[in-house]
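Novice: Would you mind keeping the following structure in view while I ask a few things?
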Amino acid sequence: MLDTTELTDAVERFSDRLRAAPQSRLQRGAAAEGLALARELSVRAQRLESPGERPRIMPDVGVFAVADQLLVAGRDLAEACRTGPEGAADRSDMDAAVALVRAAAARSGL
């Protein structure tokens, strides 16, 4: 079973920062970074859960919902990696997802 702790911890930290950020910071790009990341993590989870199906794109429901969207997408990906078929996801997939989270957090300025 793949250990997804590092991914869930990184997602939770960034989500917490988004939740605590002032509206002005969210509107200056932090929310856009969070949403883009949530969408990417969601697509990755869907590809593991339903290979061959076209992934659905997470909607933009506003700057105040981004933290929750990111948290859900990150946890979905972690669960898909943990419970997916043997070999569907490996350590390099997990490392790549963690790197995406850290890069998005850095770009957001949070």
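Lettering and numbering for the structure tokens are positional, with chains as A, B, ... in the shown order, residues counted from 1 in each chain, and ligands counted from 1 in the shown order.
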Give me, as an MDAnalysis selection string, all polymer residues having an atom no more than 12 Å from Arg17 of chain A, counting only C-alpha atoms and skipping those fewer than 3 positions away in the same chain.

Specialist: chainID A and resid 10:14 20:22 25:26 30:31 34 64 66:68 70:71 104:106 108:110

Novice: Could you turn the residues from that selection into a file that holds N, CA and C atoms, as a PDB file, in the first residue's frame?

Specialist:
```pdb
ATOM      1  N   ALA A  10       0.904  18.048   2.762  1.00  0.00           N
ATOM      2  CA  ALA A  10       1.181  19.220   1.921  1.00  0.00           C
ATOM      3  C   ALA A  10      -0.118  19.896   1.485  1.00  0.00           C
ATOM      4  N   VAL A  11      -1.103  19.105   1.095  1.00  0.00           N
ATOM      5  CA  VAL A  11      -2.398  19.651   0.668  1.00  0.00           C
ATOM      6  C   VAL A  11      -3.083  20.359   1.834  1.00  0.00           C
ATOM      7  N   GLU A  12      -3.045  19.751   3.014  1.00  0.00           N
ATOM      8  CA  GLU A  12      -3.678  20.367   4.180  1.00  0.00           C
ATOM      9  C   GLU A  12      -3.013  21.689   4.548  1.00  0.00           C
ATOM     10  N   ARG A  13      -1.680  21.738   4.475  1.00  0.00           N
ATOM     11  CA  ARG A  13      -0.970  22.999   4.792  1.00  0.00           C
ATOM     12  C   ARG A  13      -1.369  24.119   3.821  1.00  0.00           C
ATOM     13  N   PHE A  14      -1.354  23.803   2.524  1.00  0.00           N
ATOM     14  CA  PHE A  14      -1.691  24.828   1.532  1.00  0.00           C
ATOM     15  C   PHE A  14      -3.161  25.226   1.666  1.00  0.00           C
ATOM     16  N   ALA A  20      -6.920  30.889   5.443  1.00  0.00           N
ATOM     17  CA  ALA A  20      -6.566  32.000   6.326  1.00  0.00           C
ATOM     18  C   ALA A  20      -6.199  33.284   5.574  1.00  0.00           C
ATOM     19  N   ALA A  21      -6.049  33.201   4.274  1.00  0.00           N
ATOM     20  CA  ALA A  21      -5.600  34.360   3.488  1.00  0.00           C
ATOM     21  C   ALA A  21      -6.712  35.400   3.369  1.00  0.00           C
ATOM     22  N   PRO A  22      -6.327  36.663   3.353  1.00  0.00           N
ATOM     23  CA  PRO A  22      -7.325  37.714   3.148  1.00  0.00           C
ATOM     24  C   PRO A  22      -7.864  37.681   1.712  1.00  0.00           C
ATOM     25  N   ARG A  25      -5.600  38.936  -1.098  1.00  0.00           N
ATOM     26  CA  ARG A  25      -4.532  38.019  -1.508  1.00  0.00           C
ATOM     27  C   ARG A  25      -5.098  36.906  -2.397  1.00  0.00           C
ATOM     28  N   LEU A  26      -6.270  36.417  -2.033  1.00  0.00           N
ATOM     29  CA  LEU A  26      -6.915  35.391  -2.848  1.00  0.00           C
ATOM     30  C   LEU A  26      -7.202  35.919  -4.249  1.00  0.00           C
ATOM     31  N   ALA A  30      -3.721  33.938  -5.485  1.00  0.00           N
ATOM     32  CA  ALA A  30      -3.577  32.750  -4.638  1.00  0.00           C
ATOM     33  C   ALA A  30      -4.714  31.758  -4.888  1.00  0.00           C
ATOM     34  N   ALA A  31      -5.926  32.269  -5.042  1.00  0.00           N
ATOM     35  CA  ALA A  31      -7.071  31.378  -5.293  1.00  0.00           C
ATOM     36  C   ALA A  31      -6.949  30.711  -6.657  1.00  0.00           C
ATOM     37  N   GLY A  34      -4.584  27.880  -6.307  1.00  0.00           N
ATOM     38  CA  GLY A  34      -5.233  26.789  -5.585  1.00  0.00           C
ATOM     39  C   GLY A  34      -6.218  26.035  -6.458  1.00  0.00           C
ATOM     40  N   PHE A  64     -13.524  31.856  -2.050  1.00  0.00           N
ATOM     41  CA  PHE A  64     -13.644  31.365  -0.683  1.00  0.00           C
ATOM     42  C   PHE A  64     -13.859  29.853  -0.606  1.00  0.00           C
ATOM     43  N   VAL A  66     -12.045  27.704  -2.653  1.00  0.00           N
ATOM     44  CA  VAL A  66     -10.853  27.050  -3.206  1.00  0.00           C
ATOM     45  C   VAL A  66     -10.145  26.160  -2.189  1.00  0.00           C
ATOM     46  N   ALA A  67     -10.035  26.600  -0.962  1.00  0.00           N
ATOM     47  CA  ALA A  67      -9.346  25.793   0.057  1.00  0.00           C
ATOM     48  C   ALA A  67     -10.033  24.446   0.225  1.00  0.00           C
ATOM     49  N   ASP A  68     -11.349  24.446   0.254  1.00  0.00           N
ATOM     50  CA  ASP A  68     -12.090  23.196   0.400  1.00  0.00           C
ATOM     51  C   ASP A  68     -11.974  22.339  -0.857  1.00  0.00           C
ATOM     52  N   LEU A  70      -9.471  22.249  -2.912  1.00  0.00           N
ATOM     53  CA  LEU A  70      -8.125  21.685  -2.904  1.00  0.00           C
ATOM     54  C   LEU A  70      -8.034  20.520  -1.925  1.00  0.00           C
ATOM     55  N   LEU A  71      -8.590  20.683  -0.755  1.00  0.00           N
ATOM     56  CA  LEU A  71      -8.550  19.625   0.246  1.00  0.00           C
ATOM     57  C   LEU A  71      -9.247  18.359  -0.260  1.00  0.00           C
ATOM     58  N   ALA A 104       2.816  25.170  -6.363  1.00  0.00           N
ATOM     59  CA  ALA A 104       1.632  26.037  -6.398  1.00  0.00           C
ATOM     60  C   ALA A 104       1.605  26.924  -5.148  1.00  0.00           C
ATOM     61  N   ALA A 105       1.932  26.358  -3.997  1.00  0.00           N
ATOM     62  CA  ALA A 105       1.969  27.151  -2.766  1.00  0.00           C
ATOM     63  C   ALA A 105       2.998  28.262  -2.867  1.00  0.00           C
ATOM     64  N   ALA A 106       4.150  27.943  -3.417  1.00  0.00           N
ATOM     65  CA  ALA A 106       5.199  28.957  -3.580  1.00  0.00           C
ATOM     66  C   ALA A 106       4.765  30.055  -4.545  1.00  0.00           C
ATOM     67  N   SER A 108       1.793  30.991  -5.145  1.00  0.00           N
ATOM     68  CA  SER A 108       0.662  31.746  -4.565  1.00  0.00           C
ATOM     69  C   SER A 108       1.139  32.826  -3.607  1.00  0.00           C
ATOM     70  N   GLY A 109       2.367  32.677  -3.107  1.00  0.00           N
ATOM     71  CA  GLY A 109       2.876  33.641  -2.144  1.00  0.00           C
ATOM     72  C   GLY A 109       2.398  33.378  -0.729  1.00  0.00           C
ATOM     73  N   LEU A 110       1.772  32.235  -0.507  1.00  0.00           N
ATOM     74  CA  LEU A 110       1.270  31.908   0.837  1.00  0.00           C
ATOM     75  C   LEU A 110       2.195  30.945   1.545  1.00  0.00           C
TER      76      LEU A 110
END
```

Novice: In terms of the shortest atom-to-atom distance over only C-alpha atoms, which of A:Val101, A:Leu18, A:Met1, A:Ile57 is closest to Glu79 of chain A?

Specialist: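 Ranking A:Val101, A:Leu18, A:Met1, A:Ile57 by distance to Glu79 of chain A, first place goes to A:Met1.
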
Novice: Can you tell me how far atom CA of Val98 of chain A sits from atom CA of Asp3 of chain A, in Å to one decimal?

Specialist: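 That distance, rounded to one decimal, is 12.2 Å.
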
Novice: Check the DSSP output for the backbone and give back, as a PyMOL selection string, the residues of chain A in alpha helix (DSSP H).

Specialist: chain A and resi 5-20+23-25+31-49+66-83+91-108

Novice: Give me the residues within 12 Å of Gln69 of chain A as a PyMOL selection string, counting only C-alpha atoms and dropping any in the same chain fewer than 5 places off.

Specialist: chain A and resi 11-12+14-16+18-19+31-42+57-64+74-76

Novice: Report the distance between atom CA of Pro51 of chain A and atom CA of Asp9 of chain A in Å, rounded to one decimal place.

Specialist: 26.1 Å

Novice: In Å, rounded to a single decimal, give me how far atom CA of Ala78 of chain A is from atom CA of Arg91 of chain A.

Specialist: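 It comes out at 11.7 Å.
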
Novice: With only C-alpha atoms as the counted atoms, please give the residues lying no more than 8 Å from Thr4 of chain A, apart from itself and same-chain residues fewer than 3 positions off, as a compact mmCIF listing (two decimals) with C-alpha atoms, in the first residue's frame.

Specialist:
```txt
# COMPACT_ATOMS: atom_id res chain seq x y z
CA LEU A 7 0.73 14.42 -0.05
CA THR A 8 -2.12 14.85 2.40
CA ALA A 78 -4.44 10.13 -1.96
CA CYS A 81 -3.43 6.04 -4.93
CA ARG A 82 -3.95 3.97 -1.79
CA MET A 94 3.17 10.62 -5.18
```

Novice: Which residue, A:Ala103, A:Leu2, A:Arg44, A:Ser24, has the smallest gap to Gly87 of chain A when you use only C-alpha atoms?

Specialist: A:Leu2

Novice: Which residue, A:Glu49, A:Val43, A:Arg54, A:Ala99, has the smallest gap to Ala73 of chain A when you use only C-alpha atoms?

Specialist: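 Answer, going by the shortest atom-to-atom distance: A:Val43.
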